[in-house]
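**Student:** Quick one, protein-v3.tsv (TSV, C-alpha atoms and all ligand atoms):
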```
chain	number	residue	atom	x	y	z
A	1	MET	CA	0.00	0.00	0.00
A	2	LYS	CA	2.94	2.32	0.61
A	3	SER	CA	3.56	2.45	-3.13
A	4	ARG	CA	0.36	4.38	-3.63
A	5	PHE	CA	1.92	7.79	-3.50
A	6	TYR	CA	-1.20	9.92	-3.76
A	7	ARG	CA	-4.63	9.57	-2.25
A	8	PRO	CA	-7.81	11.21	-3.56
A	9	LEU	CA	-9.72	13.63	-1.38
A	10	SER	CA	-13.15	15.04	-2.22
A	11	LEU	CA	-13.10	18.80	-2.66
A	12	ALA	CA	-15.95	19.06	-0.13
A	13	CYS	CA	-13.55	17.88	2.60
A	14	ILE	CA	-11.08	20.68	1.98
A	15	VAL	CA	-12.81	23.37	3.99
A	16	PRO	CA	-11.06	26.77	3.78
A	17	ASP	CA	-9.47	27.87	7.08
A	18	TYR	CA	-9.97	24.43	8.64
A	19	PHE	CA	-7.88	22.27	6.34
A	20	PRO	CA	-4.39	21.44	7.66
A	21	ASP	CA	-1.28	22.77	5.92
A	22	VAL	CA	-0.51	19.94	3.52
A	23	ALA	CA	0.38	20.08	-0.17
A	24	LEU	CA	-2.49	19.48	-2.59
A	25	PHE	CA	-2.24	18.10	-6.11
A	26	VAL	CA	-4.50	17.91	-9.14
A	27	ARG	CA	-4.44	14.98	-11.51
A	28	ASN	CA	-4.05	15.62	-15.20
A	29	ASN	CA	-3.68	12.81	-17.74
A	30	GLY	CA	-2.45	10.48	-15.02
A	31	ASN	CA	0.14	13.00	-13.71
A	32	TYR	CA	-0.06	14.64	-10.32
A	33	ILE	CA	0.61	18.37	-10.48
A	34	LEU	CA	1.20	20.53	-7.43
A	35	TYR	CA	-1.81	22.76	-6.81
A	36	LYS	CA	-0.65	24.37	-3.59
A	37	ASN	CA	2.34	23.79	-1.38
A	38	HIS	CA	2.08	23.01	2.34
A	39	ASP	CA	3.10	26.52	3.37
A	40	ARG	CA	0.13	28.21	1.73
A	41	LYS	CA	-3.39	28.12	3.21
A	42	PHE	CA	-6.26	26.73	1.15
A	43	THR	CA	-8.57	29.71	0.70
A	44	GLU	CA	-12.12	30.36	-0.37
A	45	THR	CA	-10.75	31.64	-3.69
A	46	ASP	CA	-9.14	28.23	-4.27
A	47	GLN	CA	-12.41	26.53	-3.49
A	48	LEU	CA	-14.40	28.70	-5.91
A	49	ARG	CA	-11.81	28.29	-8.66
A	50	LEU	CA	-11.87	24.50	-8.34
A	51	GLU	CA	-15.65	24.37	-8.17
A	52	ARG	CA	-15.83	26.46	-11.35
A	53	THR	CA	-13.68	23.89	-13.17
A	54	ASN	CA	-15.80	21.03	-11.81
A	55	THR	CA	-12.89	19.54	-9.90
A	56	GLN	CA	-14.27	16.82	-7.63
A	57	PHE	CA	-11.07	15.40	-6.21
A	58	LEU	CA	-7.72	16.79	-5.16
A	59	TYR	CA	-4.86	14.54	-4.13
A	60	VAL	CA	-2.57	14.49	-1.13
A	61	ARG	CA	0.70	12.61	-0.67
A	62	SER	CA	-0.02	9.35	1.13
A	63	GLY	CA	2.53	10.41	3.75
A	64	ASP	CA	0.25	13.37	4.60
A	65	MET	CA	-2.86	11.23	4.86
A	66	ASP	CA	-2.46	10.66	8.61
A	67	VAL	CA	-2.72	14.41	9.20
A	68	VAL	CA	-5.74	14.70	6.90
A	69	THR	CA	-7.53	11.72	8.45
A	70	GLU	CA	-6.90	13.05	11.96
A	71	TYR	CA	-8.16	16.49	10.95
A	72	LEU	CA	-11.35	15.05	9.46
A	73	GLU	CA	-12.07	12.75	12.39
A	74	GLN	CA	-11.40	15.43	15.01
A	75	ASN	CA	-13.44	18.09	13.24
A	76	LEU	CA	-16.30	15.90	12.12
A	77	ASP	CA	-18.72	17.13	14.81
A	78	VAL	CA	-17.94	20.76	13.97
A	79	LEU	CA	-18.14	20.22	10.20
A	80	MET	CA	-21.44	18.32	10.46
A	81	ALA	CA	-22.96	21.13	12.56
A	82	ARG	CA	-21.91	23.98	10.25
A	83	THR	CA	-24.84	25.68	8.58
A	84	ASP	CA	-22.79	26.96	5.64
A	85	ILE	CA	-22.02	23.41	4.45
A	86	ASP	CA	-24.93	21.83	2.59
A	87	SER	CA	-26.30	18.37	3.28
A	88	GLY	CA	-24.72	16.75	0.21
A	89	ALA	CA	-21.28	18.12	1.08
A	90	LYS	CA	-21.69	16.87	4.65
A	91	GLY	CA	-22.40	13.40	3.29
A	92	THR	CA	-19.28	13.60	1.16
A	93	ILE	CA	-17.15	14.68	4.12
A	94	LEU	CA	-18.55	11.89	6.26
A	95	TYR	CA	-18.14	9.16	3.64
A	96	GLN	CA	-14.64	10.35	2.80
A	97	THR	CA	-13.65	10.31	6.49
A	98	ALA	CA	-14.98	6.78	6.87
A	99	ALA	CA	-13.23	5.70	3.65
A	100	ASN	CA	-9.96	7.13	5.00
A	101	TYR	CA	-10.49	5.06	8.12
A	102	VAL	CA	-10.96	1.89	6.06
A	103	THR	CA	-7.84	2.73	4.03
A	104	ASP	CA	-5.93	3.21	7.26
A	105	VAL	CA	-7.13	-0.13	8.60
A	106	PHE	CA	-6.16	-1.92	5.38
A	107	ASP	CA	-2.67	-0.43	5.74
A	108	ALA	CA	-2.44	-1.47	9.37
A	109	PRO	CA	-5.13	-3.98	10.44
A	110	GLU	CA	-4.07	-3.74	14.08
A	111	LYS	CA	-5.76	-0.34	14.10
A	112	THR	CA	-9.11	-2.18	14.26
A	113	ALA	CA	-8.30	-2.56	17.97
A	114	ASP	CA	-9.07	1.15	18.38
A	115	LEU	CA	-12.79	0.63	18.35
A	116	ILE	CA	-13.53	4.09	19.73
A	117	ARG	CA	-12.52	5.61	16.40
A	118	CYS	CA	-14.66	3.23	14.39
A	119	ARG	CA	-17.67	3.57	16.70
A	120	SER	CA	-17.59	7.36	16.62
A	121	LEU	CA	-17.55	7.30	12.80
A	122	ILE	CA	-20.43	4.84	12.73
A	123	ARG	CA	-22.44	7.01	15.13
A	124	GLN	CA	-22.05	9.96	12.75
A	125	LEU	CA	-22.91	7.79	9.77
A	126	MET	CA	-26.02	6.50	11.53
A	127	LYS	CA	-27.16	10.04	12.34
A	128	TYR	CA	-26.65	11.08	8.73
A	129	VAL	CA	-28.44	8.18	7.03
A	130	SER	CA	-31.43	8.41	9.35
A	131	GLY	CA	-31.68	12.19	9.10
A	132	HIS	CA	-31.28	12.73	5.36
A	133	GLU	CA	-33.79	11.52	2.83
A	134	ASP	CA	-31.18	11.77	0.08
A	135	ALA	CA	-28.52	9.84	2.01
A	136	LEU	CA	-28.50	7.04	-0.55
A	137	LYS	CA	-27.86	9.47	-3.38
A	138	ALA	CA	-25.00	11.09	-1.51
A	139	LEU	CA	-23.45	7.63	-1.12
A	140	GLN	CA	-22.28	7.90	-4.70
A	141	SER	CA	-20.43	11.13	-4.07
A	142	ILE	CA	-17.10	9.67	-2.98
A	143	THR	CA	-16.85	7.09	-5.70
A	144	SER	CA	-13.35	7.11	-7.02
A	145	GLN	CA	-12.71	4.09	-9.18
A	146	ASN	CA	-9.14	3.42	-8.07
A	147	TYR	CA	-10.12	3.13	-4.48
A	148	TYR	CA	-13.21	1.08	-4.93
A	149	ILE	CA	-12.88	-1.22	-1.94
A	150	PHE	CA	-12.58	1.56	0.60
A	151	THR	CA	-15.52	3.57	-0.65
A	152	HIS	CA	-17.52	0.38	-1.20
A	153	SER	CA	-17.11	-0.54	2.47
A	154	VAL	CA	-18.52	2.81	3.51
A	155	GLN	CA	-21.44	2.52	1.12
A	156	VAL	CA	-22.30	-0.94	2.45
A	157	ALA	CA	-22.09	0.31	6.05
A	158	ALA	CA	-24.42	3.25	5.34
A	159	LEU	CA	-26.95	1.12	3.46
A	160	MET	CA	-26.84	-1.60	6.15
A	161	MET	CA	-27.70	0.93	8.82
A	162	LEU	CA	-30.45	2.47	6.73
A	163	ALA	CA	-31.96	-0.96	5.98
A	164	HIS	CA	-31.71	-2.13	9.60
A	165	GLU	CA	-33.29	1.08	10.80
A	166	ARG	CA	-36.19	0.81	8.37
A	167	LEU	CA	-36.80	-2.94	8.69
A	168	PHE	CA	-35.99	-3.96	12.25
A	169	ARG	CA	-36.02	-2.60	15.75
A	170	LEU	CA	-32.45	-2.66	16.95
A	171	THR	CA	-30.99	-1.05	20.03
A	172	HIS	CA	-28.50	1.76	19.57
A	173	ASP	CA	-25.59	-0.55	20.45
A	174	GLU	CA	-26.77	-3.24	18.03
A	175	MET	CA	-26.92	-0.61	15.28
A	176	ILE	CA	-23.35	0.44	16.06
A	177	ASP	CA	-22.24	-3.21	15.87
A	178	VAL	CA	-23.97	-3.59	12.50
A	179	GLY	CA	-22.15	-0.49	11.23
A	180	VAL	CA	-18.75	-1.56	12.53
A	181	GLY	CA	-19.04	-5.06	11.04
A	182	SER	CA	-20.22	-3.63	7.71
A	183	LEU	CA	-17.40	-1.11	7.51
A	184	LEU	CA	-14.86	-3.86	8.14
A	185	HIS	CA	-16.60	-6.64	6.20
A	186	ASP	CA	-13.87	-7.03	3.57
A	187	VAL	CA	-10.87	-6.42	5.82
A	188	GLY	CA	-9.77	-10.04	5.33
A	189	LEU	CA	-8.71	-9.11	1.78
A	190	VAL	CA	-5.60	-7.58	3.29
A	191	PHE	CA	-4.35	-10.98	4.43
A	192	LEU	CA	-4.64	-12.71	1.07
A	193	SER	CA	-1.67	-11.38	-0.80
A	194	GLY	CA	1.11	-8.99	0.03
A	195	ASN	CA	0.81	-7.18	-3.26
A	196	LEU	CA	-2.86	-7.68	-4.06
A	197	LEU	CA	-3.66	-4.26	-2.68
A	198	ASP	CA	-0.49	-2.50	-3.78
A	199	SER	CA	-1.76	-1.35	-7.11
A	200	PRO	CA	-4.91	0.73	-7.26
A	201	GLU	CA	-5.74	-0.88	-10.60
A	202	ALA	CA	-5.43	-4.42	-9.22
A	203	LEU	CA	-7.38	-3.40	-6.17
A	204	SER	CA	-10.28	-2.10	-8.15
A	205	ALA	CA	-10.31	-5.17	-10.39
A	206	ILE	CA	-10.53	-7.71	-7.58
A	207	GLU	CA	-12.97	-10.46	-8.38
A	208	TYR	CA	-14.46	-11.60	-5.17
A	209	HIS	CA	-14.97	-15.22	-6.16
A	210	LYS	CA	-11.20	-15.60	-6.50
A	211	VAL	CA	-10.58	-14.37	-3.04
A	212	LYS	CA	-13.05	-16.45	-1.12
A	213	GLN	CA	-10.91	-16.85	1.95
A	214	HIS	CA	-11.24	-13.19	2.84
A	215	ALA	CA	-14.45	-13.69	4.82
A	216	GLN	CA	-13.02	-16.38	7.10
A	217	LYS	CA	-9.58	-14.71	7.36
A	218	GLY	CA	-11.10	-11.37	8.31
A	219	TYR	CA	-13.29	-13.08	10.89
A	220	GLU	CA	-10.38	-15.01	12.42
A	221	TYR	CA	-8.24	-11.90	12.69
A	222	LEU	CA	-10.94	-9.77	14.29
A	223	HIS	CA	-12.13	-12.60	16.53
A	224	GLU	CA	-8.60	-13.10	17.78
A	225	ALA	CA	-8.24	-9.34	18.40
A	226	GLY	CA	-11.27	-9.70	20.68
A	227	THR	CA	-12.66	-6.18	20.35
A	228	LEU	CA	-15.63	-6.65	18.02
A	229	GLY	CA	-19.12	-7.75	19.09
A	230	GLU	CA	-20.87	-10.91	17.84
A	231	VAL	CA	-23.03	-9.11	15.28
A	232	SER	CA	-20.01	-7.40	13.74
A	233	LEU	CA	-18.09	-10.68	13.55
A	234	THR	CA	-21.08	-12.45	12.00
A	235	ILE	CA	-21.29	-9.88	9.20
A	236	VAL	CA	-17.56	-10.16	8.45
A	237	ARG	CA	-17.67	-13.97	8.40
A	238	HIS	CA	-20.94	-14.69	6.65
A	239	HIS	CA	-21.55	-11.88	4.15
A	240	HIS	CA	-20.92	-14.29	1.23
A	241	GLU	CA	-23.29	-17.06	2.30
A	242	ARG	CA	-26.10	-17.86	-0.14
A	243	TYR	CA	-29.68	-18.63	0.79
A	244	ASP	CA	-29.51	-21.92	-1.15
A	245	GLY	CA	-26.42	-23.06	0.77
A	246	GLY	CA	-23.98	-22.46	-2.09
A	247	GLY	CA	-22.07	-19.65	-0.43
A	248	TYR	CA	-18.96	-19.48	1.75
A	249	PRO	CA	-17.21	-19.96	4.13
A	250	ALA	CA	-19.69	-22.16	6.06
A	251	ALA	CA	-22.23	-22.99	3.29
A	252	LEU	CA	-25.02	-22.05	5.69
A	253	LYS	CA	-28.49	-22.45	4.22
A	254	GLY	CA	-31.77	-20.52	4.46
A	255	ASP	CA	-32.45	-18.80	7.72
A	256	ASP	CA	-29.50	-20.57	9.36
A	257	ILE	CA	-27.67	-17.61	7.88
A	258	PRO	CA	-27.92	-14.86	10.49
A	259	ARG	CA	-30.25	-12.07	9.40
A	260	SER	CA	-27.55	-9.38	9.56
A	261	ALA	CA	-25.35	-11.45	7.23
A	262	GLN	CA	-28.23	-11.99	4.78
A	263	LEU	CA	-28.83	-8.27	4.67
A	264	ALA	CA	-25.07	-7.68	4.25
A	265	ALA	CA	-25.11	-9.89	1.13
A	266	LEU	CA	-27.97	-7.81	-0.29
A	267	CYS	CA	-26.29	-4.49	0.50
A	268	ASP	CA	-22.90	-5.70	-0.77
A	269	THR	CA	-24.39	-6.80	-4.11
A	270	PHE	CA	-26.59	-3.74	-4.53
A	271	CYS	CA	-23.77	-1.28	-3.75
A	272	ALA	CA	-21.39	-3.08	-6.15
A	273	MET	CA	-23.93	-3.05	-8.98
A	274	THR	CA	-24.87	0.60	-8.57
A	275	THR	CA	-21.29	1.93	-8.49
A	276	ASP	CA	-18.94	2.59	-11.42
A	277	ARG	CA	-16.03	0.18	-11.47
A	278	PRO	CA	-13.52	-0.65	-14.20
A	279	LYS	CA	-15.32	-2.63	-16.92
A	280	HIS	CA	-18.58	-2.13	-15.10
A	281	THR	CA	-20.87	0.85	-15.47
A	282	ALA	CA	-23.11	1.67	-12.54
A	283	LEU	CA	-26.70	0.53	-12.97
A	284	PRO	CA	-29.65	2.57	-11.73
A	285	GLY	CA	-30.99	1.19	-8.45
A	286	ALA	CA	-34.21	-0.12	-10.02
A	287	GLU	CA	-32.27	-2.03	-12.69
A	288	ALA	CA	-29.95	-3.57	-10.09
A	289	ILE	CA	-32.97	-4.70	-8.08
A	290	ARG	CA	-34.55	-6.24	-11.20
A	291	ILE	CA	-31.39	-8.28	-11.88
A	292	MET	CA	-31.01	-9.25	-8.23
A	293	GLU	CA	-34.62	-10.47	-8.24
A	294	ASP	CA	-33.52	-13.34	-10.50
A	295	GLU	CA	-31.37	-14.56	-7.61
A	296	VAL	CA	-34.22	-14.75	-5.12
A	297	GLY	CA	-34.20	-18.22	-3.58
A	298	GLY	CA	-30.62	-18.69	-4.82
A	299	PHE	CA	-28.55	-15.92	-3.34
A	300	PHE	CA	-31.26	-14.22	-1.37
A	301	SER	CA	-34.18	-14.97	0.92
A	302	PRO	CA	-37.44	-14.05	-0.87
A	303	ASP	CA	-38.92	-12.36	2.19
A	304	LEU	CA	-35.84	-10.27	2.97
A	305	PHE	CA	-35.18	-9.43	-0.67
A	306	TYR	CA	-38.56	-7.77	-1.20
A	307	ARG	CA	-38.33	-5.86	2.05
A	308	PHE	CA	-34.85	-4.68	1.10
A	309	ALA	CA	-36.10	-3.69	-2.37
A	310	ALA	CA	-38.76	-1.53	-0.72
A	311	VAL	CA	-36.09	0.23	1.34
A	312	VAL	CA	-33.91	1.14	-1.65
A	313	ALA	CA	-37.02	2.19	-3.59
A	314	GLY	CA	-37.67	4.63	-0.75
A	315	LYS	CA	-40.96	3.03	0.25
A	316	LYS	CA	-41.98	2.79	3.86
A	317	ALA	CA	-41.32	-0.68	5.25
A	318	THR	CA	-41.79	-1.91	8.77
A	319	ALA	CA	-40.88	-4.93	10.85
B	401	FE	FE	-16.58	-9.65	0.66
```
Write the structure described by the file as structure tokens, please.
Ligand SMILES: [Fe+2]
**Tutor:**
Amino acid sequence: MKSRFYRPLSLACIVPDYFPDVALFVRNNGNYILYKNHDRKFTETDQLRLERTNTQFLYVRSGDMDVVTEYLEQNLDVLMARTDIDSGAKGTILYQTAANYVTDVFDAPEKTADLIRCRSLIRQLMKYVSGHEDALKALQSITSQNYYIFTHSVQVAALMMLAHERLFRLTHDEMIDVGVGSLLHDVGLVFLSGNLLDSPEALSAIEYHKVKQHAQKGYEYLHEAGTLGEVSLTIVRHHHERYDGGGYPAALKGDDIPRSAQLAALCDTFCAMTTDRPKHTALPGAEAIRIMEDEVGGFFSPDLFYRFAAVVAGKKATA
């Protein structure tokens, strides 16, 4: 991962006067060009200029990412409460902060032991998805093809919390556990190959069926670490089970598959299908649901599938 020299950062996260003094780059034809050096403040004029040219992402050196991640996490409460930042930009800031966290954890899995960090992000994410009607739309805002896995994890976590909130009555702590497990559901990928994640291109092209061990490996690592709750661990371990018993790692069948893991499979598939990836153009939500419907009884429980479909269609659904 160290070979990835630059990391993308949504423009919405670079708030004038708040942003730390790190160098920022723009990408042009695959080259990274210095936009501003670390000794110059990012100003409102910069922001307006970049907005005018429809710049969505700037880049920071990966060595500066610690500072940026810390700044975002520490200022999240303040940024979310600011009235001069609109709801869509708040979503972008939040998703980007969570994606940075996932990136950080993939670089150094032992950081999963710091559950306070993860829980506080999930709490913010939960507040956002339950308080914003357009939360699902904003989920797309941080999509950056080269870093698919990190943003995908955040999208799955947000959709999992939205679906659990709409469909079931969970306690606050159970919701946090669902979010934590969802955010870390693919962390086992990091243990599969030393260089699998080194190249952004390879990372984005990962085919999940070739890396089946990631569910069990992620579970074993996090179980051993001993910090995650049962619901979180269940999501990490069983998010690739199939309703007909053809999934992995345990080939659980029907409702032997824990409900949170069944919903994770639905969210994982839906988020993957509705996001742009290399060689895969994002489908509209309704089209993804239509295709997924063919897998009812195979991949998915009929009952849960239709309730999930109602959630993503924005219809009211209750337990
Ligand atoms: Fe997975």
**Student:** Go ahead and find all residues with at least one atom no further than 7 Å from (-30.6, -22.7, 0.1) in the file's coordinates, using all atoms listed in the file; report them as a JSON list (two decimals) with C-alpha atoms, keeping the file's coordinate frame.
**Tutor:**
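Saved result, point04.json, follows:
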```json
[["chain", "number", "residue", "atom", "x", "y", "z"],
["A", 242, "ARG", "CA", -26.10, -17.86, -0.14],
["A", 243, "TYR", "CA", -29.68, -18.63, 0.79],
["A", 244, "ASP", "CA", -29.51, -21.92, -1.15],
["A", 245, "GLY", "CA", -26.42, -23.06, 0.77],
["A", 246, "GLY", "CA", -23.98, -22.46, -2.09],
["A", 253, "LYS", "CA", -28.49, -22.45, 4.22],
["A", 254, "GLY", "CA", -31.77, -20.52, 4.46],
["A", 297, "GLY", "CA", -34.20, -18.22, -3.58],
["A", 298, "GLY", "CA", -30.62, -18.69, -4.82]]
```
**Student:** So, counting only C-alpha atoms, which residue among A:Val296, A:Leu136, A:Leu192, A:Leu58 is closest to Ala23 of chain A?
**Tutor:**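 Using only C-alpha atoms, the shortest distance to Ala23 of chain A belongs to A:Leu58.
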**Student:** Counting all atoms listed in the file, figure out which residue out of A:Leu283, A:Ala215, A:Leu228, A:Ile33 gets nearest to Val178 of chain A.
**Tutor:**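 Looking at the shortest contact to Val178 of chain A, the residue is A:Leu228.
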**Student:** Hey, can you check how far atom CA of Tyr32 of chain A sits from atom CA of Thr53 of chain A?
**Tutor:** 16.7 Å
**Student:** What are the closest atom pairs, with distances in Å to one decimal, for each residue of chain A lying within 8 Å of ligand FE 401 (chain B), using all atoms listed in the file, rows by chain and rising residue number, as JSON lines?
**Tutor:**
```
{"residue": "A:His185", "atom": "CA", "partner": "B:FE401", "partner_atom": "FE", "distance": 6.3}
{"residue": "A:Asp186", "atom": "CA", "partner": "B:FE401", "partner_atom": "FE", "distance": 4.8}
{"residue": "A:Leu189", "atom": "CA", "partner": "B:FE401", "partner_atom": "FE", "distance": 8.0}
{"residue": "A:Tyr208", "atom": "CA", "partner": "B:FE401", "partner_atom": "FE", "distance": 6.5}
{"residue": "A:Lys212", "atom": "CA", "partner": "B:FE401", "partner_atom": "FE", "distance": 7.9}
{"residue": "A:His214", "atom": "CA", "partner": "B:FE401", "partner_atom": "FE", "distance": 6.8}
{"residue": "A:Ala215", "atom": "CA", "partner": "B:FE401", "partner_atom": "FE", "distance": 6.2}
{"residue": "A:Val236", "atom": "CA", "partner": "B:FE401", "partner_atom": "FE", "distance": 7.9}
{"residue": "A:His239", "atom": "CA", "partner": "B:FE401", "partner_atom": "FE", "distance": 6.5}
{"residue": "A:His240", "atom": "CA", "partner": "B:FE401", "partner_atom": "FE", "distance": 6.4}
{"residue": "A:Asp268", "atom": "CA", "partner": "B:FE401", "partner_atom": "FE", "distance": 7.6}
```
**Student:** Excluding same-chain residues fewer than 5 positions from segment 100-107 of chain A, what lies within 7 Å of it counting all atoms listed in the file, as a list in words?
**Tutor:**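 Listed by chain and then number, they are Met1, Thr69, Thr112, Phe150, Val187 and Val190 of chain A.
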**Student:** Env of Asp46 of chain A: 12 Å cut, atoms = only C-alpha atoms, seq-sep filter 4 positions within chain, self excluded. Answer as number ranges by chain.
**Tutor:** A: 11, 14-17, 24, 35-36, 40-42, 50-53, 55, 58
**Student:** Figure out the distance between atom CA of His238 of chain A and atom CA of Leu222 of chain A, please, to one decimal in Å.
**Tutor:** 13.5 Å
**Student:** Smallest atom-to-atom distance to Arg61 of chain A: which of A:Thr97, A:Ser87, A:Asn37, A:Gln155, using all atoms listed in the file?
**Tutor:** A:Asn37
**Student:** Would you mind writing segment 219-232 of chain A with N, CA and C atoms, as a short mmCIF file (atom, residue, chain, number, x, y, z; two decimals), in the frame of the given file?
**Tutor:**
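Full text of rebuild_20.cif as output:
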```cif
data_model
loop_
_atom_site.label_atom_id
_atom_site.label_comp_id
_atom_site.auth_asym_id
_atom_site.auth_seq_id
_atom_site.Cartn_x
_atom_site.Cartn_y
_atom_site.Cartn_z
N TYR A 219 -12.63 -12.68 9.65
CA TYR A 219 -13.29 -13.08 10.89
C TYR A 219 -12.26 -13.56 11.92
N GLU A 220 -11.36 -14.44 11.48
CA GLU A 220 -10.38 -15.01 12.42
C GLU A 220 -9.51 -13.92 13.04
N TYR A 221 -9.10 -12.98 12.19
CA TYR A 221 -8.24 -11.90 12.69
C TYR A 221 -8.98 -11.06 13.74
N LEU A 222 -10.19 -10.67 13.39
CA LEU A 222 -10.94 -9.77 14.29
C LEU A 222 -11.41 -10.50 15.55
N HIS A 223 -11.73 -11.78 15.39
CA HIS A 223 -12.13 -12.60 16.53
C HIS A 223 -10.98 -12.71 17.52
N GLU A 224 -9.81 -12.98 16.97
CA GLU A 224 -8.60 -13.10 17.78
C GLU A 224 -8.31 -11.78 18.52
N ALA A 225 -8.51 -10.66 17.80
CA ALA A 225 -8.24 -9.34 18.40
C ALA A 225 -9.18 -9.09 19.59
N GLY A 226 -10.38 -9.70 19.52
CA GLY A 226 -11.27 -9.70 20.68
C GLY A 226 -11.99 -8.39 20.97
N THR A 227 -12.01 -7.45 20.04
CA THR A 227 -12.66 -6.18 20.35
C THR A 227 -14.06 -6.05 19.75
N LEU A 228 -14.35 -6.81 18.72
CA LEU A 228 -15.63 -6.65 18.02
C LEU A 228 -16.74 -7.51 18.64
N GLY A 229 -17.97 -7.01 18.59
CA GLY A 229 -19.12 -7.75 19.09
C GLY A 229 -19.52 -8.87 18.13
N GLU A 230 -20.43 -9.74 18.62
CA GLU A 230 -20.87 -10.91 17.84
C GLU A 230 -21.49 -10.53 16.50
N VAL A 231 -22.35 -9.50 16.52
CA VAL A 231 -23.03 -9.11 15.28
C VAL A 231 -22.01 -8.66 14.24
N SER A 232 -21.04 -7.87 14.66
CA SER A 232 -20.01 -7.40 13.74
C SER A 232 -19.25 -8.59 13.15
#
```
